[in-house]
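Containing compact mmCIF, C-alpha atoms and all ligand atoms: query_37.txt.
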# COMPACT_ATOMS: atom_id res chain seq x y z
CA MET A 1 -13.21 7.91 20.13
CA PHE A 2 -16.41 9.72 19.13
CA VAL A 3 -15.63 12.25 16.38
CA PRO A 4 -18.80 14.20 15.64
CA CYS A 5 -19.27 15.16 12.01
CA MET A 6 -20.39 18.44 10.50
CA THR A 7 -23.02 16.72 8.37
CA MET A 8 -25.83 15.20 10.41
CA ILE A 9 -27.79 12.08 9.62
CA LYS A 10 -31.56 12.42 9.92
CA GLU A 11 -33.03 11.02 13.15
CA GLY A 12 -34.41 7.49 12.84
CA THR A 13 -32.31 6.68 9.78
CA ILE A 14 -31.44 3.05 9.03
CA ILE A 15 -28.22 2.48 7.13
CA ALA A 16 -27.88 -0.96 5.53
CA VAL A 17 -24.36 -2.10 4.67
CA ASP A 18 -24.41 -5.38 2.76
CA GLY A 19 -21.71 -7.15 0.82
CA HIS A 20 -19.26 -10.00 0.54
CA SER A 21 -17.47 -11.44 3.57
CA SER A 22 -14.25 -9.76 4.73
CA THR A 23 -14.84 -6.53 2.85
CA GLY A 24 -14.36 -4.58 6.07
CA LYS A 25 -18.08 -3.87 6.46
CA SER A 26 -17.91 -3.98 10.25
CA THR A 27 -14.85 -1.72 10.51
CA PHE A 28 -16.53 0.78 8.18
CA ALA A 29 -19.94 0.57 9.89
CA LYS A 30 -18.45 0.85 13.41
CA LEU A 31 -16.57 4.01 12.48
CA ILE A 32 -19.64 5.55 10.86
CA ALA A 33 -21.65 4.68 13.99
CA SER A 34 -19.10 6.32 16.22
CA ARG A 35 -18.78 9.46 14.05
CA TYR A 36 -22.47 10.00 13.50
CA GLY A 37 -23.78 8.82 16.87
CA LEU A 38 -25.58 5.72 15.53
CA ILE A 39 -25.99 2.26 17.02
CA TYR A 40 -23.95 -0.39 15.21
CA VAL A 41 -25.38 -3.89 14.77
CA ASP A 42 -23.17 -6.69 13.46
CA THR A 43 -25.83 -9.01 12.04
CA GLY A 44 -23.30 -11.67 10.96
CA ALA A 45 -22.30 -12.07 14.62
CA LEU A 46 -25.81 -13.35 15.36
CA TYR A 47 -25.50 -16.03 12.65
CA ARG A 48 -22.09 -16.89 14.07
CA GLY A 49 -23.56 -17.13 17.58
CA VAL A 50 -26.23 -19.59 16.43
CA THR A 51 -23.52 -21.56 14.58
CA LEU A 52 -21.33 -21.78 17.68
CA TYR A 53 -24.28 -23.06 19.64
CA ALA A 54 -25.00 -25.66 16.94
CA ILE A 55 -21.37 -26.84 16.85
CA GLU A 56 -21.03 -27.08 20.63
CA ASN A 57 -24.29 -29.01 20.93
CA SER A 58 -23.53 -31.35 18.00
CA LEU A 59 -26.43 -30.02 15.95
CA ILE A 60 -24.26 -29.83 12.83
CA ASP A 61 -21.94 -32.67 11.80
CA SER A 62 -18.71 -32.87 9.84
CA ASN A 63 -20.69 -33.14 6.58
CA ASN A 64 -22.68 -30.04 7.52
CA ILE A 65 -25.84 -32.05 8.06
CA ILE A 66 -27.96 -30.11 10.54
CA ASP A 67 -30.30 -31.55 13.16
CA GLU A 68 -33.06 -29.08 12.31
CA THR A 69 -35.61 -30.37 14.81
CA SER A 70 -33.26 -29.90 17.78
CA LEU A 71 -32.05 -26.57 16.41
CA LYS A 72 -35.63 -25.31 16.12
CA ASP A 73 -36.25 -26.18 19.80
CA ALA A 74 -32.95 -24.59 20.80
CA LEU A 75 -33.76 -21.31 19.03
CA GLU A 76 -36.81 -20.86 21.22
CA LYS A 77 -34.54 -20.59 24.26
CA LEU A 78 -31.31 -19.28 22.79
CA GLU A 79 -30.41 -15.93 24.33
CA LEU A 80 -28.01 -13.99 22.15
CA SER A 81 -27.40 -10.38 23.13
CA PHE A 82 -25.00 -7.58 22.35
CA ARG A 83 -23.43 -5.90 25.37
CA PRO A 84 -21.45 -2.67 25.28
CA THR A 85 -17.71 -2.95 25.90
CA GLY A 86 -17.63 0.63 27.12
CA VAL A 87 -15.16 1.60 24.39
CA ASP A 88 -16.28 3.70 21.41
CA GLY A 89 -19.82 2.32 21.41
CA ALA A 90 -18.45 -1.16 20.56
CA THR A 91 -20.41 -4.24 21.59
CA GLU A 92 -19.63 -7.92 22.15
CA LEU A 93 -21.90 -10.88 21.62
CA PHE A 94 -22.98 -13.06 24.54
CA ILE A 95 -24.83 -16.37 24.83
CA GLY A 96 -26.51 -15.95 28.18
CA GLU A 97 -23.67 -14.75 30.43
CA ARG A 98 -20.85 -16.10 28.27
CA ASN A 99 -18.83 -13.71 26.09
CA ILE A 100 -18.48 -15.42 22.68
CA GLU A 101 -17.12 -12.46 20.70
CA ARG A 102 -13.71 -14.02 20.14
CA ILE A 103 -14.63 -17.64 19.52
CA ILE A 104 -17.24 -16.81 16.85
CA ARG A 105 -14.51 -15.25 14.67
CA GLY A 106 -12.43 -18.45 14.39
CA LEU A 107 -12.24 -20.73 11.34
CA LYS A 108 -14.34 -23.43 13.02
CA VAL A 109 -17.40 -21.20 13.15
CA SER A 110 -16.53 -19.46 9.84
CA SER A 111 -16.49 -22.77 7.99
CA LYS A 112 -20.00 -23.74 9.17
CA VAL A 113 -21.83 -20.43 9.42
CA SER A 114 -23.09 -20.28 5.81
CA PHE A 115 -24.89 -23.60 6.25
CA ILE A 116 -26.60 -22.45 9.43
CA ALA A 117 -27.38 -19.01 7.93
CA SER A 118 -29.15 -20.63 4.98
CA LEU A 119 -31.93 -22.05 7.19
CA PRO A 120 -35.16 -19.99 7.10
CA MET A 121 -35.80 -20.65 10.82
CA VAL A 122 -32.39 -19.22 11.72
CA ARG A 123 -32.97 -16.19 9.49
CA SER A 124 -36.31 -15.49 11.11
CA TYR A 125 -34.73 -15.87 14.60
CA VAL A 126 -32.10 -13.25 13.67
CA ASP A 127 -34.61 -10.98 11.89
CA THR A 128 -36.72 -10.81 15.07
CA ILE A 129 -33.70 -9.49 16.99
CA LEU A 130 -32.92 -7.00 14.18
CA ALA A 131 -36.51 -5.74 13.98
CA LYS A 132 -36.19 -4.46 17.57
CA TYR A 133 -33.24 -2.28 16.59
CA GLY A 134 -35.05 -1.10 13.45
CA ARG A 135 -38.03 0.23 15.40
CA SER A 136 -36.08 3.08 16.94
CA GLY A 137 -33.82 3.65 13.93
CA GLY A 138 -30.57 5.58 14.27
CA VAL A 139 -28.77 2.37 13.40
CA ILE A 140 -26.20 1.09 10.96
CA MET A 141 -26.28 -2.65 10.32
CA ASP A 142 -23.92 -4.73 8.27
CA GLY A 143 -24.84 -8.06 6.75
CA ARG A 144 -25.97 -9.72 3.52
CA ASP A 145 -29.68 -9.05 3.23
CA ILE A 146 -30.28 -5.90 5.26
CA GLY A 147 -31.10 -3.63 2.31
CA THR A 148 -32.89 -6.33 0.32
CA VAL A 149 -34.93 -8.28 2.90
CA VAL A 150 -34.67 -7.05 6.48
CA PHE A 151 -35.03 -3.30 5.86
CA PRO A 152 -35.90 -2.82 2.18
CA ASN A 153 -36.95 0.75 3.02
CA ALA A 154 -33.64 1.67 4.65
CA GLU A 155 -32.83 5.30 3.88
CA ILE A 156 -29.23 4.55 2.92
CA LYS A 157 -28.02 1.32 1.33
CA ILE A 158 -24.41 0.46 0.60
CA PHE A 159 -23.11 -2.67 -1.11
CA MET A 160 -19.45 -3.40 -0.30
CA THR A 161 -17.15 -5.65 -2.23
CA ALA A 162 -13.44 -6.30 -2.97
CA SER A 163 -11.54 -9.03 -4.81
CA ALA A 164 -11.44 -12.47 -3.11
CA GLU A 165 -7.62 -12.33 -2.78
CA VAL A 166 -7.66 -8.91 -1.10
CA ARG A 167 -10.35 -10.14 1.30
CA ALA A 168 -8.51 -13.37 2.12
CA LYS A 169 -5.34 -11.37 2.89
CA ARG A 170 -7.29 -9.16 5.28
CA ARG A 171 -8.84 -12.13 7.08
CA TYR A 172 -5.48 -13.91 7.22
CA LYS A 173 -3.83 -10.89 8.87
CA GLU A 174 -6.70 -10.55 11.33
CA MET A 175 -6.30 -14.21 12.36
CA ILE A 176 -2.53 -13.84 12.79
CA SER A 177 -3.11 -10.79 14.96
CA ARG A 178 -5.39 -12.93 17.15
CA GLY A 179 -2.56 -15.42 17.66
CA GLU A 180 -3.99 -18.07 15.30
CA ASN A 181 -1.90 -19.99 12.80
CA PRO A 182 -3.94 -19.96 9.59
CA ASN A 183 -3.07 -21.38 6.19
CA PHE A 184 -3.57 -18.72 3.49
CA GLU A 185 -4.94 -21.16 0.90
CA SER A 186 -7.61 -22.42 3.33
CA VAL A 187 -8.56 -18.87 4.23
CA LEU A 188 -8.92 -18.00 0.51
CA ALA A 189 -10.91 -21.18 -0.14
CA ASN A 190 -13.21 -20.32 2.77
CA VAL A 191 -13.78 -16.77 1.43
CA LYS A 192 -14.72 -18.17 -2.01
CA GLU A 193 -16.90 -20.91 -0.59
CA ARG A 194 -18.78 -18.41 1.56
CA ASP A 195 -19.33 -16.11 -1.44
CA TYR A 196 -20.81 -19.00 -3.36
CA LEU A 197 -23.04 -20.15 -0.50
CA ASP A 198 -24.16 -16.59 0.38
CA GLU A 199 -25.04 -15.76 -3.24
CA ASN A 200 -26.71 -19.06 -4.11
CA ARG A 201 -28.83 -19.95 -1.10
CA ASP A 202 -32.61 -20.02 -1.56
CA THR A 203 -33.49 -17.74 1.35
CA ALA A 204 -32.30 -14.12 1.33
CA PRO A 205 -29.28 -14.65 -0.92
CA LEU A 206 -26.58 -12.00 -1.02
CA LYS A 207 -27.29 -9.55 -3.81
CA ARG A 208 -27.01 -5.86 -4.40
CA ALA A 209 -30.31 -4.01 -3.93
CA PRO A 210 -31.09 -1.97 -7.06
CA ASP A 211 -30.89 1.23 -4.99
CA ALA A 212 -27.69 0.31 -3.10
CA LEU A 213 -24.55 2.33 -3.76
CA LEU A 214 -21.55 0.23 -4.71
CA LEU A 215 -18.37 0.57 -2.63
CA ASP A 216 -15.52 -1.54 -4.05
CA ASN A 217 -12.73 -1.00 -1.55
CA SER A 218 -10.10 -3.32 -3.10
CA THR A 219 -7.69 -0.40 -3.35
CA MET A 220 -9.20 2.00 -0.82
CA THR A 221 -7.99 2.76 2.69
CA ILE A 222 -10.50 3.13 5.49
CA GLU A 223 -9.96 6.92 5.35
CA ASP A 224 -10.87 6.87 1.62
CA GLN A 225 -14.05 4.98 2.47
CA LEU A 226 -15.02 7.41 5.22
CA LYS A 227 -14.47 10.33 2.84
CA TRP A 228 -16.66 8.56 0.27
CA PHE A 229 -19.39 8.25 2.90
CA GLU A 230 -19.03 11.86 4.05
CA GLN A 231 -19.50 13.01 0.43
CA LEU A 232 -22.51 10.75 0.08
CA ILE A 233 -24.16 12.23 3.19
CA ALA A 234 -23.33 15.78 2.17
CA LYS A 235 -25.25 15.22 -1.09
CA GLN A 236 -28.39 13.90 0.64
O1 LIG T 301 -20.43 -10.87 8.11
P1 LIG T 301 -19.95 -12.22 8.62
O2 LIG T 301 -18.82 -12.81 7.81
O3 LIG T 301 -19.62 -12.19 10.07
O4 LIG T 301 -21.21 -13.18 8.42
C1 LIG T 301 -21.18 -14.50 8.85
C2 LIG T 301 -22.11 -15.35 7.99
O5 LIG T 301 -23.45 -15.00 8.23
C3 LIG T 301 -21.87 -15.28 6.49
O6 LIG T 301 -21.65 -16.58 5.99
C4 LIG T 301 -23.13 -14.76 5.92
C5 LIG T 301 -24.14 -14.82 7.01
N1 LIG T 301 -24.94 -13.61 7.09
C6 LIG T 301 -26.14 -13.63 6.45
O7 LIG T 301 -26.50 -14.61 5.81
N2 LIG T 301 -26.97 -12.55 6.55
C7 LIG T 301 -26.58 -11.46 7.23
N3 LIG T 301 -27.41 -10.41 7.32
C8 LIG T 301 -25.31 -11.44 7.87
C9 LIG T 301 -24.51 -12.52 7.76

Just give me the structure of the file as structure tokens.
Amino acid sequence: MFVPCMTMIKEGTIIAVDGHSSTGKSTFAKLIASRYGLIYVDTGALYRGVTLYAIENSLIDSNNIIDETSLKDALEKLELSFRPTGVDGATELFIGERNIERIIRGLKVSSKVSFIASLPMVRSYVDTILAKYGRSGGVIMDGRDIGTVVFPNAEIKIFMTASAEVRAKRRYKEMISRGENPNFESVLANVKERDYLDENRDTAPLKRAPDALLLDNSTMTIEDQLKWFEQLIAKQ
């Protein structure tokens, strides 16, 4: 439901929401988009989409060795697009005509995505898609490098984090609610592994931009976080 807010956000604004995996960045960013009439872009979904393609076409093996030559060719033709669901401004990711929104959230893609996302050619493929959204502004994007690399001049930058255990619990619950049968220890291990890979890769590693505001939501509800944001905007 669109709930307009008293405080307006300047036209053309780009809001960058970066941070660790499973910090609830997308839930937060989607709600802000809906309240303030912005477009929401889930940049991680694009990395997940490329990863799904790589898995299904055997371009990444069980040791996470990637066939970079074939992937490079594939990226020239790969058509990833967000399509509106018609509900609350939400979108779903498609490869061509196939809806991949659900499958890209599973453990299979989650366990490989950091390897695919570390490749410069994949990052530049995704950045080209993001640049189109940035041109018109009025967007909120969540990811890892939005405020540092993709839009270093974003008007508002937020860096979200929470403890690894809190994040693993959230992801675990999400997977249960999707009818999956996850093992908590593997989910926690995956959260920690992704932190390490995201923070230590050579290209566009996850880090807090010096001018990003820190939002540690380990003990905050989503309402607390929205209030925090409302106060932030009111001060602008
Ligand atoms: O936000 P997420 O968990 O859906 O992101 C999936 C992966 O993509 C994660 O391993 C980090 C990577 N990613 C990235 O490198 N840069 C972004 N802007 C967004 C996501």

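For Leu206 in chain A, the list of residues within 8 Å, based on only C-alpha atoms and with local chain neighbours fewer than 6 positions off taken out, reads Asp18, Gly19, His20, Arg144, Asp145, Asp198, Glu199 and Asn200 of chain A.
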
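Of the listed residues A:Ala168, A:Tyr125, A:Ser21, A:Gly12, the one whose atoms come nearest to Tyr196 in chain A is A:Ser21, with distances taken using all atoms listed in the file.
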
Fewer than 5 positions away in the same chain doesn't count, so skip those; otherwise give me all residues within 8 Å of Ile104 in chain A, counting all atoms listed in the file, as a ChimeraX atom specification.
/A:45,48-49,52,109-110

Collect all residues with atoms no farther than 9 Å from ligand LIG 301 (chain T), counting all atoms listed in the file, and output them as a compact mmCIF listing (two decimals) with C-alpha atoms, in the frame of the given file.
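Output saved as result_2.txt:
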# COMPACT_ATOMS: atom_id res chain seq x y z
CA ASP A 18 -24.41 -5.38 2.76
CA GLY A 19 -21.71 -7.15 0.82
CA HIS A 20 -19.26 -10.00 0.54
CA SER A 21 -17.47 -11.44 3.57
CA SER A 22 -14.25 -9.76 4.73
CA THR A 23 -14.84 -6.53 2.85
CA GLY A 24 -14.36 -4.58 6.07
CA LYS A 25 -18.08 -3.87 6.46
CA SER A 26 -17.91 -3.98 10.25
CA ASP A 42 -23.17 -6.69 13.46
CA THR A 43 -25.83 -9.01 12.04
CA GLY A 44 -23.30 -11.67 10.96
CA ALA A 45 -22.30 -12.07 14.62
CA LEU A 46 -25.81 -13.35 15.36
CA TYR A 47 -25.50 -16.03 12.65
CA ARG A 48 -22.09 -16.89 14.07
CA ILE A 104 -17.24 -16.81 16.85
CA ARG A 105 -14.51 -15.25 14.67
CA VAL A 109 -17.40 -21.20 13.15
CA SER A 110 -16.53 -19.46 9.84
CA SER A 111 -16.49 -22.77 7.99
CA LYS A 112 -20.00 -23.74 9.17
CA VAL A 113 -21.83 -20.43 9.42
CA SER A 114 -23.09 -20.28 5.81
CA PHE A 115 -24.89 -23.60 6.25
CA ILE A 116 -26.60 -22.45 9.43
CA ALA A 117 -27.38 -19.01 7.93
CA SER A 118 -29.15 -20.63 4.98
CA ARG A 123 -32.97 -16.19 9.49
CA VAL A 126 -32.10 -13.25 13.67
CA ASP A 127 -34.61 -10.98 11.89
CA MET A 141 -26.28 -2.65 10.32
CA ASP A 142 -23.92 -4.73 8.27
CA GLY A 143 -24.84 -8.06 6.75
CA ARG A 144 -25.97 -9.72 3.52
CA ASP A 145 -29.68 -9.05 3.23
CA ILE A 146 -30.28 -5.90 5.26
CA VAL A 149 -34.93 -8.28 2.90
CA VAL A 150 -34.67 -7.05 6.48
CA ARG A 194 -18.78 -18.41 1.56
CA ASP A 195 -19.33 -16.11 -1.44
CA LEU A 197 -23.04 -20.15 -0.50
CA ASP A 198 -24.16 -16.59 0.38
CA THR A 203 -33.49 -17.74 1.35
CA ALA A 204 -32.30 -14.12 1.33
CA PRO A 205 -29.28 -14.65 -0.92
CA LEU A 206 -26.58 -12.00 -1.02

Within-8 Å shell of (-23.0, 3.8, 7.4) in input frame, all atoms listed in the file, as a ChimeraX atom specification
/A:15-17,28-29,32-33,140-141,156,158,229

Could the centre and edge lengths of an axis-aligned box, enclosing all atoms of range 191-207 of chain A in the file with 8 Å extra on each side, be given in Å to one decimal as JSON?
{"center_x": -23.6, "center_y": -15.2, "center_z": -1.3, "size_x": 35.7, "size_y": 27.4, "size_z": 21.7}

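For the residues A:Leu107, A:Ile14, A:Val50, A:Ile9, ranking by smallest atom-to-atom distance to Asn181 in chain A using all atoms listed in the file places A:Leu107 first.
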